[in-house]
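Written out below as structure tokens is the structure these notes cover.
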Amino acid sequence: MHRAFYNNLADQSVNGEILSLDTCRTILLSSEIELLPLLNSAYEVRKKFVGKEVMIHIIDNAQNGYCPEDCHYCAQAKTSRADIEEYPLKPDEEILAEARRAYESGAFRYCMVFAGRGPSQRRTEHLARLIKEIKSKYPIEICVSTGLLDEQKAQILKNAGLDRLNHNLNTSERHYPNICTTHTYADRINTLKAAKKVGIELCSGMIFGMGEGTDDIIEVAYTLRELEVPSIPANFLVPIKGNNLAEVNDLTPEYCLRVLCLLRFLNPKAEIRVAAGREIHLHSMEVLSLYPANSLFLDGYLNTRGASRAKTLRMIKDAGFTIKSEQDLDQLLENEEKDRKLCYTANEEQLMKRLADLRPYLRSKKNVSKV
Ligand code: SF4
């Protein structure tokens, strides 16, 4: 692909022009695309609108399981046989302690996720009290994922100080019945519109690798642009044993990066979050995701673990990015890496390889002592 193609992508995006369907298909599918120039163009757009900052999110799974919905990708769905440890809603003091921990860990935003179709009136009012209390104690933004909401409930949460509502579109209208049968794509759109109407910022994204086609991805990316969604999580399906969608999907690191670039070009000012699955699908190319994306999760996801804190923070630091936080990245990193540093610098005994490290074959054969 000629250099002008990549330059045009960045120019069009920065100028607020929408990329054509053909161009979007080329980004996702064409064998002519080279990854580094594509990433560089997406990075130009990122740099222009959000600089070199990375936003860290920490997710609190406030309730695990007990969900009557059947989202095929979710371990908490009523139809899933995944091995999860169910618990009802955490007590307030536990949620408050986790909010504090998130703040002290450098999180810009604390995300509380509640399994279920949507909150009752009682649950909504309880949640509103929690939001007020967290906001009065810590200067941290709050996002909740509550399931379906109407305008009246959204207003209660807005009045309590809620900054954002997470409600992912997940996939296209066409593909939606293949991933969930207990609610519809239209239900999800209506929730987003209700929240937007009362002035709550939207967080809505997708899950890739659920058997969708490239046009499904492009359609949702266009819809998120139309809705002016300022926060877009890009999840790559983590196949969990026992879920309806438990098959290993065919995502490759390169394809995941193309998807992130597409999201950046179509939503130039948005907070694009490289979310669930970044570790298992991007592998050694994980750091490249920070060039189109400017946000990630620390401490894993709803039901699955992620990279260690030290590894994630080190990745941000080594690539020359900063974090949007009241905490200092170097200090956070030092705290997380303390044990490792002790191991490699202070304790010489542990610095040097032993015979078992140098000759693992012999160790496995239990022959070390005979040689
Ligand atoms: S994604 Fe939410 S609504 Fe769907 S099954 Fe999981 S917890 Fe329930």
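Residue numbering restarts at 1 in every chain; chains get A, B, ... in the order shown in the structure tokens, and ligands count up from 1 in that same order.
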
Point to revise | Test item: residues no farther than 9 Å from ligand 1, counting only C-alpha atoms and all ligand atoms, as a PyMOL selection string | key: chain A and resi 63-80+113-118+145-148+168+180+182-183

Would you put the residues from that selection into a file with C-alpha atoms, as a PDB file, in the first residue's frame?
```pdb
ATOM      1  CA  GLN A  63     -21.546  -9.513  42.156  1.00  0.00           C
ATOM      2  CA  ASN A  64     -20.567 -12.773  40.525  1.00  0.00           C
ATOM      3  CA  GLY A  65     -23.130 -14.926  38.761  1.00  0.00           C
ATOM      4  CA  TYR A  66     -26.861 -15.154  39.435  1.00  0.00           C
ATOM      5  CA  CYS A  67     -27.614 -13.635  36.041  1.00  0.00           C
ATOM      6  CA  PRO A  68     -30.824 -14.621  34.221  1.00  0.00           C
ATOM      7  CA  GLU A  69     -29.469 -13.565  30.803  1.00  0.00           C
ATOM      8  CA  ASP A  70     -27.795 -15.908  28.329  1.00  0.00           C
ATOM      9  CA  CYS A  71     -24.961 -13.896  26.781  1.00  0.00           C
ATOM     10  CA  HIS A  72     -22.972 -16.697  25.184  1.00  0.00           C
ATOM     11  CA  TYR A  73     -19.575 -15.113  25.900  1.00  0.00           C
ATOM     12  CA  CYS A  74     -20.177 -14.625  29.620  1.00  0.00           C
ATOM     13  CA  ALA A  75     -19.251 -16.983  32.450  1.00  0.00           C
ATOM     14  CA  GLN A  76     -22.031 -15.506  34.591  1.00  0.00           C
ATOM     15  CA  ALA A  77     -24.811 -16.304  32.143  1.00  0.00           C
ATOM     16  CA  LYS A  78     -27.517 -18.691  33.316  1.00  0.00           C
ATOM     17  CA  THR A  79     -26.580 -21.025  30.472  1.00  0.00           C
ATOM     18  CA  SER A  80     -22.858 -21.118  31.263  1.00  0.00           C
ATOM     19  CA  VAL A 113     -19.989  -4.358  37.317  1.00  0.00           C
ATOM     20  CA  PHE A 114     -23.299  -5.835  38.444  1.00  0.00           C
ATOM     21  CA  ALA A 115     -24.472  -9.027  36.798  1.00  0.00           C
ATOM     22  CA  GLY A 116     -28.094  -9.122  35.769  1.00  0.00           C
ATOM     23  CA  ARG A 117     -30.592  -7.952  33.198  1.00  0.00           C
ATOM     24  CA  GLY A 118     -30.907  -4.568  34.859  1.00  0.00           C
ATOM     25  CA  SER A 145     -22.158  -1.569  34.330  1.00  0.00           C
ATOM     26  CA  THR A 146     -25.695  -2.314  35.441  1.00  0.00           C
ATOM     27  CA  GLY A 147     -27.393  -3.963  32.493  1.00  0.00           C
ATOM     28  CA  LEU A 148     -30.482  -2.406  30.945  1.00  0.00           C
ATOM     29  CA  ASN A 168     -21.381  -2.631  25.396  1.00  0.00           C
ATOM     30  CA  CYS A 180     -27.697 -13.632  23.097  1.00  0.00           C
ATOM     31  CA  THR A 182     -32.699 -12.901  26.229  1.00  0.00           C
ATOM     32  CA  HIS A 183     -32.333  -9.293  25.143  1.00  0.00           C
TER      33      HIS A 183
END
```

Exercise for review: Please provide as a ChimeraX atom specification all residues within 8 Å of stretch 199-213 of chain A, with the sequence filter that same-chain residues fewer than 6 positions apart are discarded (counting only C-alpha atoms).
Suggested key: /A:73,154,158,162-171,175,179,192,220,224,229-237,245,249-251

Practice item. Would you please give, as a VMD selection string, all residues of stretch 11-200 of chain A that DSSP assigns to strand (DSSP E) based on the backbone? Key: chain A and resid 53 to 61 109 to 113 141 to 145 164 to 166

Check your understanding: Any idea what the distance is between atom CA of A:Ala186 and atom CA of A:Ser13?
Key -> 28.1 Å

Check your understanding: With only C-alpha atoms as the basis for distance, which of A:Leu290, A:Pro177, A:Arg46, A:Thr184 is at the shortest distance from A:Asp318?
Key -> A:Leu290

Practice item. Choose the residue, out of A:Ala293, A:Ile27, A:Leu21, A:Ile84, that has the smallest atom-to-atom separation from A:Asn243; count only C-alpha atoms. Key: A:Ile84

Check your understanding: Of the residues A:Ala221, A:His2, A:Asn294, A:Leu227, which is the one nearest to A:Lys196, using only C-alpha atoms?
Key ->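 Under the stated criterion, the closest residue is A:Leu227.
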
Point to revise | Non-local contacts of stretch 38-44 of chain A (9 Å; only C-alpha atoms; under 2 positions in same chain excluded) as a ChimeraX atom specification | key: /A:6-11,13-14,27,33-36,46-49,257-258,260-262,264-265,268,288-293

Check your understanding: For A:Leu29, which of A:Phe321, A:Glu133, A:Arg122, A:Tyr255 is the closest residue, counting only C-alpha atoms?
Key -> A:Tyr255

Exercise for review: Using DSSP on the backbone, list every residue of stretch 93-276 of chain A that comes out as alpha helix (DSSP H), and give them as a ChimeraX atom specification.
Suggested key: /A:93-104,121-137,151-160,176-179,185-197,214-226,253-266

Point to revise | Between atom CA of A:Val50 and atom CA of A:Lys269, distance in Å (one decimal) | key: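 So the answer is 7.1 Å.
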